[in-house]
file target.cif (mmCIF, C-alpha atoms)
data_run
#
loop_
_atom_site.group_PDB
_atom_site.id
_atom_site.type_symbol
_atom_site.label_atom_id
_atom_site.label_comp_id
_atom_site.auth_asym_id
_atom_site.auth_seq_id
_atom_site.Cartn_x
_atom_site.Cartn_y
_atom_site.Cartn_z
ATOM 1 C CA MET Y 1 25.168 43.742 -51.044
ATOM 2 C CA ILE Y 2 25.811 44.163 -47.324
ATOM 3 C CA GLU Y 3 26.348 47.922 -47.848
ATOM 4 C CA THR Y 4 22.901 48.232 -49.448
ATOM 5 C CA LEU Y 5 21.353 46.330 -46.534
ATOM 6 C CA ASN Y 6 23.167 48.619 -44.081
ATOM 7 C CA SER Y 7 21.988 51.711 -45.945
ATOM 8 C CA ILE Y 8 18.312 50.739 -45.561
ATOM 9 C CA GLY Y 9 18.753 50.338 -41.822
ATOM 10 C CA ILE Y 10 19.556 46.628 -41.457
ATOM 11 C CA SER Y 11 22.469 46.453 -39.019
ATOM 12 C CA ASN Y 12 25.329 43.945 -39.023
ATOM 13 C CA GLY Y 13 23.884 42.290 -35.924
ATOM 14 C CA MET Y 14 20.618 41.595 -37.742
ATOM 15 C CA ILE Y 15 22.468 40.027 -40.691
ATOM 16 C CA THR Y 16 24.470 37.790 -38.342
ATOM 17 C CA SER Y 17 21.299 36.908 -36.449
ATOM 18 C CA THR Y 18 19.583 35.847 -39.680
ATOM 19 C CA VAL Y 19 22.596 33.772 -40.724
ATOM 20 C CA ILE Y 20 22.642 32.057 -37.304
ATOM 21 C CA THR Y 21 18.922 31.307 -37.516
ATOM 22 C CA VAL Y 22 19.216 29.873 -41.032
ATOM 23 C CA LEU Y 23 22.224 27.770 -39.997
ATOM 24 C CA LEU Y 24 20.483 26.378 -36.908
ATOM 25 C CA VAL Y 25 17.299 25.559 -38.812
ATOM 26 C CA GLY Y 26 19.287 24.028 -41.677
ATOM 27 C CA ILE Y 27 21.397 21.828 -39.402
ATOM 28 C CA SER Y 28 18.312 20.724 -37.458
ATOM 29 C CA ILE Y 29 16.428 19.778 -40.640
ATOM 30 C CA PHE Y 30 19.498 18.005 -42.008
ATOM 31 C CA ALA Y 31 19.978 16.037 -38.764
ATOM 32 C CA GLY Y 32 16.297 15.110 -38.533
ATOM 33 C CA ARG Y 33 15.845 14.056 -42.155
ATOM 34 C CA ARG Y 34 16.451 10.326 -41.805
ATOM 35 C CA LEU Y 35 15.856 9.459 -38.164
ATOM 36 C CA GLN Y 36 17.163 6.091 -37.042
ATOM 37 C CA THR Y 37 16.396 4.099 -33.921
ATOM 38 C CA VAL Y 38 20.122 3.642 -33.318
ATOM 39 C CA PRO Y 39 21.459 7.156 -33.960
ATOM 40 C CA SER Y 40 24.930 7.855 -35.269
ATOM 41 C CA GLY Y 41 26.926 10.913 -36.271
ATOM 42 C CA LEU Y 42 25.063 14.223 -36.307
ATOM 43 C CA GLN Y 43 21.766 12.793 -35.058
ATOM 44 C CA ASN Y 44 23.597 11.238 -32.127
ATOM 45 C CA PHE Y 45 25.215 14.556 -31.206
ATOM 46 C CA MET Y 46 21.953 16.497 -31.471
ATOM 47 C CA GLU Y 47 20.122 13.949 -29.348
ATOM 48 C CA TRP Y 48 22.848 14.110 -26.722
ATOM 49 C CA ALA Y 49 22.763 17.923 -26.629
ATOM 50 C CA ILE Y 50 18.974 18.176 -26.438
ATOM 51 C CA GLU Y 51 18.726 15.373 -23.896
ATOM 52 C CA SER Y 52 21.270 16.901 -21.523
ATOM 53 C CA LEU Y 53 19.526 20.289 -21.851
ATOM 54 C CA PHE Y 54 16.188 18.606 -21.154
ATOM 55 C CA ASN Y 55 17.520 16.831 -18.054
ATOM 56 C CA PHE Y 56 18.959 20.091 -16.761
ATOM 57 C CA PHE Y 57 15.717 22.062 -17.169
ATOM 58 C CA GLU Y 58 13.616 19.146 -15.932
ATOM 59 C CA GLY Y 59 15.400 19.402 -12.580
ATOM 60 C CA ILE Y 60 14.357 23.050 -12.331
ATOM 61 C CA MET Y 61 10.844 23.144 -13.777
ATOM 62 C CA GLY Y 62 9.485 19.707 -13.005
ATOM 63 C CA SER Y 63 8.780 17.156 -15.721
ATOM 64 C CA ARG Y 64 5.299 18.259 -16.887
ATOM 65 C CA ALA Y 65 6.051 21.989 -17.315
ATOM 66 C CA CYS Y 66 9.433 21.182 -18.847
ATOM 67 C CA ARG Y 67 7.910 18.785 -21.390
ATOM 68 C CA GLN Y 68 5.403 21.462 -22.423
ATOM 69 C CA TYR Y 69 7.588 24.563 -22.630
ATOM 70 C CA PHE Y 70 11.028 23.056 -23.282
ATOM 71 C CA SER Y 71 11.035 24.162 -26.936
ATOM 72 C CA LEU Y 72 10.865 27.890 -26.096
ATOM 73 C CA ILE Y 73 13.577 27.738 -23.444
ATOM 74 C CA ALA Y 74 15.938 25.471 -25.386
ATOM 75 C CA THR Y 75 15.555 27.701 -28.458
ATOM 76 C CA LEU Y 76 16.478 30.738 -26.377
ATOM 77 C CA PHE Y 77 19.495 28.930 -24.895
ATOM 78 C CA ILE Y 78 20.891 27.646 -28.199
ATOM 79 C CA TYR Y 79 20.295 30.930 -30.039
ATOM 80 C CA ILE Y 80 21.890 33.073 -27.309
ATOM 81 C CA LEU Y 81 24.863 30.709 -27.000
ATOM 82 C CA ILE Y 82 25.619 30.820 -30.739
ATOM 83 C CA ALA Y 83 24.938 34.573 -30.867
ATOM 84 C CA ASN Y 84 27.364 35.199 -27.988
ATOM 85 C CA TYR Y 85 30.041 33.047 -29.609
ATOM 86 C CA SER Y 86 29.607 34.815 -32.959
ATOM 87 C CA GLY Y 87 31.194 37.828 -31.251
ATOM 88 C CA LEU Y 88 34.375 35.785 -30.768
ATOM 89 C CA LEU Y 89 34.870 35.107 -34.481
ATOM 90 C CA PRO Y 90 37.880 36.897 -35.968
ATOM 91 C CA GLY Y 91 36.949 40.342 -37.272
ATOM 92 C CA SER Y 92 33.594 40.415 -35.540
ATOM 93 C CA GLY Y 93 32.411 43.997 -35.189
ATOM 94 C CA HIS Y 94 34.937 45.217 -37.794
ATOM 95 C CA VAL Y 95 34.037 43.118 -40.843
ATOM 96 C CA ASN Y 96 30.906 44.111 -42.749
ATOM 97 C CA GLY Y 97 27.928 41.957 -41.846
ATOM 98 C CA LEU Y 98 29.425 40.277 -38.784
ATOM 99 C CA ASP Y 99 28.601 41.469 -35.297
ATOM 100 C CA ALA Y 100 27.303 39.731 -32.175
ATOM 101 C CA PRO Y 101 23.484 40.177 -32.182
ATOM 102 C CA THR Y 102 23.338 40.038 -28.368
ATOM 103 C CA GLY Y 103 25.731 43.003 -28.218
ATOM 104 C CA SER Y 104 22.806 45.186 -29.306
ATOM 105 C CA ILE Y 105 20.068 46.178 -26.863
ATOM 106 C CA ASN Y 106 17.325 45.640 -29.489
ATOM 107 C CA CYS Y 107 17.973 41.906 -29.779
ATOM 108 C CA THR Y 108 18.050 41.248 -26.029
ATOM 109 C CA ALA Y 109 14.987 43.463 -25.447
ATOM 110 C CA ALA Y 110 13.052 41.512 -28.080
ATOM 111 C CA MET Y 111 13.870 38.198 -26.384
ATOM 112 C CA ALA Y 112 13.020 39.560 -22.929
ATOM 113 C CA ILE Y 113 9.652 40.844 -24.194
ATOM 114 C CA VAL Y 114 8.920 37.420 -25.692
ATOM 115 C CA VAL Y 115 9.682 35.818 -22.322
ATOM 116 C CA PHE Y 116 7.496 38.378 -20.494
ATOM 117 C CA PHE Y 117 4.422 37.815 -22.674
ATOM 118 C CA ALA Y 118 5.005 34.046 -22.792
ATOM 119 C CA THR Y 119 4.966 34.008 -18.984
ATOM 120 C CA GLN Y 120 1.655 35.900 -18.794
ATOM 121 C CA ILE Y 121 -0.004 33.806 -21.525
ATOM 122 C CA ILE Y 122 1.183 30.530 -19.993
ATOM 123 C CA GLY Y 123 -0.037 31.691 -16.586
ATOM 124 C CA VAL Y 124 -3.521 32.463 -17.910
ATOM 125 C CA LYS Y 125 -3.617 29.185 -19.838
ATOM 126 C CA GLU Y 126 -2.446 27.033 -16.924
ATOM 127 C CA HIS Y 127 -4.869 28.620 -14.442
ATOM 128 C CA HIS Y 128 -7.776 28.393 -16.939
ATOM 129 C CA GLY Y 129 -8.640 32.077 -16.891
ATOM 130 C CA VAL Y 130 -7.682 35.413 -15.434
ATOM 131 C CA SER Y 131 -7.532 33.972 -11.890
ATOM 132 C CA TYR Y 132 -3.775 33.795 -12.591
ATOM 133 C CA PHE Y 133 -3.485 37.523 -11.915
ATOM 134 C CA LYS Y 134 -4.700 36.966 -8.341
ATOM 135 C CA HIS Y 135 -1.107 36.074 -7.448
ATOM 136 C CA LEU Y 136 -0.264 39.782 -7.805
ATOM 137 C CA ALA Y 137 -2.282 40.484 -4.639
ATOM 138 C CA GLN Y 138 -1.197 37.295 -2.937
ATOM 139 C CA PRO Y 139 -0.098 37.830 0.668
ATOM 140 C CA PHE Y 140 -1.723 41.260 1.133
ATOM 141 C CA VAL Y 141 -3.698 43.439 -1.283
ATOM 142 C CA PHE Y 142 -1.655 46.547 -0.527
ATOM 143 C CA LEU Y 143 1.441 44.857 -2.012
ATOM 144 C CA LEU Y 144 -0.175 45.116 -5.485
ATOM 145 C CA PRO Y 145 1.901 48.079 -6.777
ATOM 146 C CA LEU Y 146 5.117 46.432 -5.617
ATOM 147 C CA MET Y 147 4.245 43.135 -7.297
ATOM 148 C CA ILE Y 148 3.375 44.903 -10.554
ATOM 149 C CA ILE Y 149 6.699 46.746 -10.465
ATOM 150 C CA GLU Y 150 8.464 43.422 -9.850
ATOM 151 C CA GLU Y 151 6.786 41.899 -12.916
ATOM 152 C CA ILE Y 152 7.804 44.853 -15.102
ATOM 153 C CA VAL Y 153 11.375 44.972 -13.812
ATOM 154 C CA ARG Y 154 11.936 41.331 -14.856
ATOM 155 C CA PRO Y 155 12.185 41.908 -18.640
ATOM 156 C CA VAL Y 156 14.174 45.106 -18.063
ATOM 157 C CA SER Y 157 16.759 43.293 -15.967
ATOM 158 C CA LEU Y 158 16.871 40.356 -18.419
ATOM 159 C CA THR Y 159 17.537 42.830 -21.244
ATOM 160 C CA LEU Y 160 20.185 44.851 -19.454
ATOM 161 C CA ARG Y 161 22.008 41.838 -18.006
ATOM 162 C CA LEU Y 162 22.584 40.098 -21.329
ATOM 163 C CA TYR Y 163 23.218 43.296 -23.298
ATOM 164 C CA GLY Y 164 25.514 44.794 -20.653
ATOM 165 C CA ASN Y 165 27.560 41.639 -20.286
ATOM 166 C CA ILE Y 166 28.173 41.066 -23.988
ATOM 167 C CA PHE Y 167 28.615 44.735 -24.898
ATOM 168 C CA GLY Y 168 30.867 45.307 -21.873
ATOM 169 C CA GLU Y 169 32.907 42.240 -22.701
ATOM 170 C CA HIS Y 170 33.530 43.460 -26.259
ATOM 171 C CA THR Y 171 34.401 46.973 -25.094
ATOM 172 C CA VAL Y 172 36.811 45.692 -22.435
ATOM 173 C CA THR Y 173 38.486 43.366 -24.955
ATOM 174 C CA SER Y 174 38.977 46.211 -27.413
ATOM 175 C CA SER Y 175 40.397 48.510 -24.710
ATOM 176 C CA PHE Y 176 42.779 45.721 -23.671
ATOM 177 C CA PHE Y 177 43.780 45.447 -27.325
ATOM 178 C CA ASP Y 178 44.594 49.171 -27.364
ATOM 179 C CA LEU Y 179 46.712 48.822 -24.204
ATOM 180 C CA VAL Y 180 48.642 45.598 -24.893
ATOM 181 C CA PRO Y 181 47.986 44.217 -28.395
ATOM 182 C CA ILE Y 182 49.716 40.862 -27.786
ATOM 183 C CA GLY Y 183 48.671 38.326 -25.172
ATOM 184 C CA LEU Y 184 46.227 40.236 -22.974
ATOM 185 C CA PRO Y 185 43.210 40.179 -25.367
ATOM 186 C CA VAL Y 186 43.571 36.387 -25.661
ATOM 187 C CA VAL Y 187 43.069 36.023 -21.897
ATOM 188 C CA MET Y 188 39.921 38.145 -22.100
ATOM 189 C CA GLN Y 189 38.657 36.121 -25.081
ATOM 190 C CA ALA Y 190 39.197 32.874 -23.172
ATOM 191 C CA LEU Y 191 37.146 34.390 -20.360
ATOM 192 C CA SER Y 192 34.525 35.397 -22.938
ATOM 193 C CA VAL Y 193 34.017 31.750 -23.902
ATOM 194 C CA LEU Y 194 32.984 31.029 -20.315
ATOM 195 C CA MET Y 195 30.961 34.240 -20.002
ATOM 196 C CA GLY Y 196 28.988 33.569 -23.178
ATOM 197 C CA LEU Y 197 27.955 30.146 -21.873
ATOM 198 C CA VAL Y 198 27.066 31.483 -18.411
ATOM 199 C CA GLN Y 199 24.977 34.336 -19.818
ATOM 200 C CA ALA Y 200 23.060 32.018 -22.165
ATOM 201 C CA LEU Y 201 22.482 29.667 -19.232
ATOM 202 C CA VAL Y 202 21.347 32.477 -16.924
ATOM 203 C CA PHE Y 203 18.905 33.944 -19.467
ATOM 204 C CA SER Y 204 17.235 30.606 -20.196
ATOM 205 C CA LEU Y 205 17.350 29.586 -16.512
ATOM 206 C CA LEU Y 206 15.537 32.770 -15.491
ATOM 207 C CA ALA Y 207 13.005 32.277 -18.298
ATOM 208 C CA ALA Y 208 12.468 28.703 -17.040
ATOM 209 C CA ILE Y 209 11.960 29.900 -13.468
ATOM 210 C CA TYR Y 210 9.494 32.627 -14.512
ATOM 211 C CA ILE Y 211 7.487 30.103 -16.542
ATOM 212 C CA LYS Y 212 7.572 27.593 -13.699
ATOM 213 C CA GLU Y 213 6.238 30.232 -11.298
ATOM 214 C CA ALA Y 214 3.374 30.917 -13.710
ATOM 215 C CA CYS Y 215 2.380 27.222 -13.662
ATOM 216 C CA PRO Y 216 0.288 25.896 -10.757
ATOM 217 C CA GLU Y 217 2.028 23.642 -8.245
ATOM 218 C CA GLU Y 218 2.506 20.110 -9.464
ATOM 219 C CA GLU Y 219 0.795 17.459 -7.393
ATOM 220 C CA HIS Y 220 3.245 14.950 -5.997
ATOM 221 C CA LEU Y 221 2.159 11.426 -6.689
ATOM 222 C CA MET K 1 34.971 66.914 -18.992
ATOM 223 C CA GLY K 2 37.346 65.842 -16.252
ATOM 224 C CA LEU K 3 34.427 65.529 -13.865
ATOM 225 C CA ILE K 4 32.555 63.272 -16.327
ATOM 226 C CA ALA K 5 35.611 60.995 -16.566
ATOM 227 C CA LEU K 6 35.832 60.914 -12.768
ATOM 228 C CA GLY K 7 32.107 60.148 -12.574
ATOM 229 C CA ALA K 8 32.444 57.253 -15.029
ATOM 230 C CA ALA K 9 35.370 55.797 -13.100
ATOM 231 C CA LEU K 10 33.485 56.136 -9.798
ATOM 232 C CA ALA K 11 30.333 54.572 -11.284
ATOM 233 C CA ILE K 12 32.024 51.348 -12.301
ATOM 234 C CA GLY K 13 34.461 51.377 -9.361
ATOM 235 C CA LEU K 14 31.791 51.700 -6.680
ATOM 236 C CA ALA K 15 29.407 49.371 -8.508
ATOM 237 C CA THR K 16 31.932 46.522 -8.323
ATOM 238 C CA ILE K 17 32.510 46.731 -4.542
ATOM 239 C CA GLY K 18 29.143 45.447 -3.359
ATOM 240 C CA PRO K 19 28.711 42.575 -5.844
ATOM 241 C CA GLY K 20 32.368 41.614 -5.289
ATOM 242 C CA ILE K 21 31.860 41.178 -1.561
ATOM 243 C CA GLY K 22 28.493 39.490 -2.094
ATOM 244 C CA GLN K 23 29.794 37.017 -4.650
ATOM 245 C CA GLY K 24 32.721 36.201 -2.381
ATOM 246 C CA ILE K 25 30.404 35.335 0.490
ATOM 247 C CA ALA K 26 28.071 33.337 -1.766
ATOM 248 C CA ALA K 27 30.947 31.363 -3.341
ATOM 249 C CA ALA K 28 32.485 30.629 0.057
ATOM 250 C CA LYS K 29 29.213 29.328 1.479
ATOM 251 C CA ALA K 30 28.408 27.303 -1.641
ATOM 252 C CA LEU K 31 31.861 25.679 -1.617
ATOM 253 C CA GLU K 32 31.463 24.906 2.069
ATOM 254 C CA GLY K 33 28.148 23.248 1.310
ATOM 255 C CA MET K 34 29.656 21.265 -1.575
ATOM 256 C CA ALA K 35 32.526 20.068 0.637
ATOM 257 C CA ARG K 36 30.129 18.974 3.358
ATOM 258 C CA GLN K 37 27.653 17.327 1.001
ATOM 259 C CA PRO K 38 29.258 16.408 -2.329
ATOM 260 C CA GLU K 39 26.037 14.706 -3.487
ATOM 261 C CA ALA K 40 24.233 18.087 -3.485
ATOM 262 C CA ALA K 41 26.975 19.713 -5.603
ATOM 263 C CA GLY K 42 24.954 19.851 -8.836
ATOM 264 C CA MET K 43 21.981 21.651 -7.312
ATOM 265 C CA LEU K 44 24.236 24.003 -5.345
ATOM 266 C CA ARG K 45 26.205 24.898 -8.475
ATOM 267 C CA THR K 46 23.063 25.824 -10.422
ATOM 268 C CA ASN K 47 21.732 27.994 -7.624
ATOM 269 C CA MET K 48 25.157 29.561 -7.105
ATOM 270 C CA ILE K 49 25.425 30.586 -10.772
ATOM 271 C CA LEU K 50 21.873 31.945 -10.643
ATOM 272 C CA SER K 51 22.563 34.077 -7.580
ATOM 273 C CA PHE K 52 25.836 35.243 -9.153
ATOM 274 C CA ALA K 53 23.868 36.460 -12.154
ATOM 275 C CA PHE K 54 21.581 38.520 -9.932
ATOM 276 C CA MET K 55 24.513 40.082 -8.097
ATOM 277 C CA GLU K 56 26.457 40.644 -11.268
ATOM 278 C CA SER K 57 23.602 42.506 -12.925
ATOM 279 C CA LEU K 58 24.065 45.250 -10.294
ATOM 280 C CA SER K 59 27.624 45.908 -11.364
ATOM 281 C CA ILE K 60 26.560 45.629 -15.014
ATOM 282 C CA TYR K 61 24.166 48.535 -14.392
ATOM 283 C CA GLY K 62 27.156 50.503 -13.080
ATOM 284 C CA LEU K 63 29.152 49.525 -16.170
ATOM 285 C CA LEU K 64 26.362 50.709 -18.458
ATOM 286 C CA ILE K 65 26.200 54.061 -16.672
ATOM 287 C CA ALA K 66 29.984 54.323 -16.999
ATOM 288 C CA PHE K 67 29.745 53.696 -20.751
ATOM 289 C CA LEU K 68 26.944 56.254 -21.059
ATOM 290 C CA LEU K 69 29.071 58.851 -19.244
ATOM 291 C CA PHE K 70 32.151 57.860 -21.234
ATOM 292 C CA SER K 71 30.373 58.494 -24.537
ATOM 293 C CA LYS K 72 29.672 62.077 -23.348
ATOM 294 C CA ILE K 73 33.373 62.965 -23.079
#
call {"tool": "encode", "arguments": {"input": "target.cif", "output": "structure tokens"}}
result
Amino acid sequence: MIETLNSIGISNGMITSTVITVLLVGISIFAGRRLQTVPSGLQNFMEWAIESLFNFFEGIMGSRACRQYFSLIATLFIYILIANYSGLLPGSGHVNGLDAPTGSINCTAAMAIVVFFATQIIGVKEHHGVSYFKHLAQPFVFLLPLMIIEEIVRPVSLTLRLYGNIFGEHTVTSSFFDLVPIGLPVVMQALSVLMGLVQALVFSLLAAIYIKEACPEEEHL
Amino acid sequence: MGLIALGAALAIGLATIGPGIGQGIAAAKALEGMARQPEAAGMLRTNMILSFAFMESLSIYGLLIAFLLFSKI
């Protein structure tokens, strides 16, 4: 079945990505089926995870913007984290139908483009009209080309950072495996656990900062 | 072919020098700040990781170029 999917152009990364999405949605629906005021078990764990994520992003974006756009950023974080860790499963990249989605430039580019357009749309919405784009000519008008280039470079650097890190990590691990098959790859894999978390954090943190910059300044009460 | 291999090695080798020095300076200063003001450690850590990511992306660009050259051999 996987061979037929591969033959019509659906790569292993896409299959893994779909499986991850279905798993995440399934677990979320299962945990939220019978909500209790005093949570226990799975609901307790999910609430703890979401709450600590929320507190973290609230410190960066401010409470109003975070409350409004938390779902996008938390989704990105959780998806990228699981996608990065799927590359650490045994046989990943060699077994049919299992490959880290973030190790492919298409997946990371798609997420970066979503973040780019979300930033522009949120900016227009928060400023009630196209006056948002005035910030491109903010200090001086002749900086306009530079500011436009800066806006366009953002999704490119988001794409290349995540893709390069995960792809590079896998390539380095496999070259280590060719050099010393015992011991050395395990060290690199242990490092990969940390790297996967940091990259997921960095991607969602940058998305949070871009969205926060698109929102008008919060008034301090 | 030999020149391409040399180019790939130089691309990743040179691309790691700058970010290496930069990350060293940033980590040293951030640790100094954390030691002086332990109550600001959380905020400093977040900003440190963020600035690391920016510096690291430079050497990742070098790594990508090295892989591109390597696939040409």
call {"tool": "residues_around", "arguments": {"input": "target.cif", "residues": "range 32-47 of chain K", "least_positions_apart": "2", "cutoff": "12 Å", "atoms": "all atoms listed in the file", "output": "ChimeraX atom specification"}}
result
/Y:56-57,59-60,198,201-202,205-206,209 /K:25-30,49-54
call {"tool": "axis_aligned_box", "arguments": {"input": "target.cif", "around": "range 34-45 of chain K", "padding_each_side": "4 Å", "output": "lines of an AutoDock Vina configuration file"}}
result
center_x = 27.3
center_y = 19.8
center_z = -2.7
size_x = 18.5
size_y = 18.2
size_z = 20.2
call {"tool": "resolve_selection", "arguments": {"input": "target.cif", "expression": "the PyMOL selection byres ((chain Y) within 12 of (chain K))", "output": "ChimeraX atom specification"}}
result
/Y:56-57,59-60,105,154,156-169,171-172,195,197-209
call {"tool": "residues_around", "arguments": {"input": "target.cif", "residues": "Met46 in chain Y", "least_positions_apart": "5", "cutoff": "9 Å", "atoms": "only C-alpha atoms", "output": "list in words"}}
result
Ser28, Ala31, Gly41 and Glu51 of chain Y
call {"tool": "atom_distance", "arguments": {"input": "target.cif", "atom1": "CA of Ala112 in chain Y", "atom2": "CA of Gly22 in chain K"}}
result
26.0 Å
call {"tool": "atom_distance", "arguments": {"input": "target.cif", "atom1": "CA of Leu88 in chain Y", "atom2": "CA of Pro101 in chain Y"}}
result
11.8 Å
call {"tool": "atom_distance", "arguments": {"input": "target.cif", "atom1": "CA of Tyr210 in chain Y", "atom2": "CA of Val115 in chain Y"}}
result
8.4 Å
call {"tool": "resolve_selection", "arguments": {"input": "target.cif", "expression": "the PyMOL selection byres ((chain Y and resi 134) around 12)", "output": "short mmCIF file (atom, residue, chain, number, x, y, z; two decimals) with C-alpha atoms, in the frame of the given file"}}
result
data_model
loop_
_atom_site.label_atom_id
_atom_site.label_comp_id
_atom_site.auth_asym_id
_atom_site.auth_seq_id
_atom_site.Cartn_x
_atom_site.Cartn_y
_atom_site.Cartn_z
CA GLY Y 123 -0.04 31.69 -16.59
CA VAL Y 124 -3.52 32.46 -17.91
CA HIS Y 127 -4.87 28.62 -14.44
CA GLY Y 129 -8.64 32.08 -16.89
CA VAL Y 130 -7.68 35.41 -15.43
CA SER Y 131 -7.53 33.97 -11.89
CA TYR Y 132 -3.78 33.80 -12.59
CA PHE Y 133 -3.48 37.52 -11.92
CA HIS Y 135 -1.11 36.07 -7.45
CA LEU Y 136 -0.26 39.78 -7.80
CA ALA Y 137 -2.28 40.48 -4.64
CA GLN Y 138 -1.20 37.30 -2.94
CA PRO Y 139 -0.10 37.83 0.67
CA PHE Y 140 -1.72 41.26 1.13
CA VAL Y 141 -3.70 43.44 -1.28
CA LEU Y 143 1.44 44.86 -2.01
CA LEU Y 144 -0.18 45.12 -5.48
CA MET Y 147 4.24 43.14 -7.30
CA ILE Y 148 3.38 44.90 -10.55
CA ALA Y 214 3.37 30.92 -13.71
#
call {"tool": "closest_residue", "arguments": {"input": "target.cif", "among": "K:Met48, K:Ile21, K:Ile65, K:Met55", "to": "Gly7 in chain K", "atoms": "only C-alpha atoms"}}
result
K:Ile65
call {"tool": "resolve_selection", "arguments": {"input": "target.cif", "expression": "the PyMOL selection byres ((chain Y and resi 54) around 10)", "output": "VMD selection string"}}
result
chain Y and resid 48 to 53 55 to 59 63 66 to 67 70 to 71 73 to 74
call {"tool": "build_atoms", "arguments": {"input": "target.cif", "residues": "range 34-46 of chain K", "atoms": "N, CA, C and O atoms", "output": "PDB file, in the frame of the given file"}}
result
ATOM      1  N   MET K  34      29.245  22.349  -0.677  1.00  0.00           N
ATOM      2  CA  MET K  34      29.656  21.265  -1.575  1.00  0.00           C
ATOM      3  C   MET K  34      30.638  20.334  -0.880  1.00  0.00           C
ATOM      4  O   MET K  34      30.596  19.117  -1.073  1.00  0.00           O
ATOM      5  N   ALA K  35      31.546  20.904  -0.054  1.00  0.00           N
ATOM      6  CA  ALA K  35      32.526  20.068   0.637  1.00  0.00           C
ATOM      7  C   ALA K  35      31.846  19.196   1.687  1.00  0.00           C
ATOM      8  O   ALA K  35      32.208  18.038   1.887  1.00  0.00           O
ATOM      9  N   ARG K  36      30.822  19.754   2.340  1.00  0.00           N
ATOM     10  CA  ARG K  36      30.129  18.974   3.358  1.00  0.00           C
ATOM     11  C   ARG K  36      29.245  17.911   2.744  1.00  0.00           C
ATOM     12  O   ARG K  36      29.100  16.817   3.289  1.00  0.00           O
ATOM     13  N   GLN K  37      28.605  18.249   1.628  1.00  0.00           N
ATOM     14  CA  GLN K  37      27.653  17.327   1.001  1.00  0.00           C
ATOM     15  C   GLN K  37      27.931  17.256  -0.493  1.00  0.00           C
ATOM     16  O   GLN K  37      27.267  17.931  -1.285  1.00  0.00           O
ATOM     17  N   PRO K  38      28.899  16.456  -0.902  1.00  0.00           N
ATOM     18  CA  PRO K  38      29.258  16.408  -2.329  1.00  0.00           C
ATOM     19  C   PRO K  38      28.093  15.947  -3.210  1.00  0.00           C
ATOM     20  O   PRO K  38      28.053  16.282  -4.387  1.00  0.00           O
ATOM     21  N   GLU K  39      27.130  15.197  -2.641  1.00  0.00           N
ATOM     22  CA  GLU K  39      26.037  14.706  -3.487  1.00  0.00           C
ATOM     23  C   GLU K  39      25.072  15.824  -3.875  1.00  0.00           C
ATOM     24  O   GLU K  39      24.311  15.680  -4.820  1.00  0.00           O
ATOM     25  N   ALA K  40      25.112  16.962  -3.145  1.00  0.00           N
ATOM     26  CA  ALA K  40      24.233  18.087  -3.485  1.00  0.00           C
ATOM     27  C   ALA K  40      24.947  19.100  -4.378  1.00  0.00           C
ATOM     28  O   ALA K  40      24.436  20.188  -4.599  1.00  0.00           O
ATOM     29  N   ALA K  41      26.145  18.730  -4.893  1.00  0.00           N
ATOM     30  CA  ALA K  41      26.975  19.713  -5.603  1.00  0.00           C
ATOM     31  C   ALA K  41      26.283  20.263  -6.839  1.00  0.00           C
ATOM     32  O   ALA K  41      26.363  21.462  -7.118  1.00  0.00           O
ATOM     33  N   GLY K  42      25.572  19.402  -7.586  1.00  0.00           N
ATOM     34  CA  GLY K  42      24.954  19.851  -8.836  1.00  0.00           C
ATOM     35  C   GLY K  42      23.928  20.930  -8.594  1.00  0.00           C
ATOM     36  O   GLY K  42      23.935  21.973  -9.251  1.00  0.00           O
ATOM     37  N   MET K  43      23.030  20.690  -7.616  1.00  0.00           N
ATOM     38  CA  MET K  43      21.981  21.651  -7.312  1.00  0.00           C
ATOM     39  C   MET K  43      22.590  22.955  -6.781  1.00  0.00           C
ATOM     40  O   MET K  43      22.162  24.042  -7.155  1.00  0.00           O
ATOM     41  N   LEU K  44      23.603  22.814  -5.919  1.00  0.00           N
ATOM     42  CA  LEU K  44      24.236  24.003  -5.345  1.00  0.00           C
ATOM     43  C   LEU K  44      24.883  24.843  -6.433  1.00  0.00           C
ATOM     44  O   LEU K  44      24.803  26.067  -6.409  1.00  0.00           O
ATOM     45  N   ARG K  45      25.518  24.151  -7.425  1.00  0.00           N
ATOM     46  CA  ARG K  45      26.205  24.898  -8.475  1.00  0.00           C
ATOM     47  C   ARG K  45      25.211  25.717  -9.294  1.00  0.00           C
ATOM     48  O   ARG K  45      25.444  26.889  -9.573  1.00  0.00           O
ATOM     49  N   THR K  46      24.076  25.100  -9.647  1.00  0.00           N
ATOM     50  CA  THR K  46      23.063  25.824 -10.422  1.00  0.00           C
ATOM     51  C   THR K  46      22.589  27.057  -9.674  1.00  0.00           C
ATOM     52  O   THR K  46      22.540  28.166 -10.223  1.00  0.00           O
TER      53      THR K  46
END
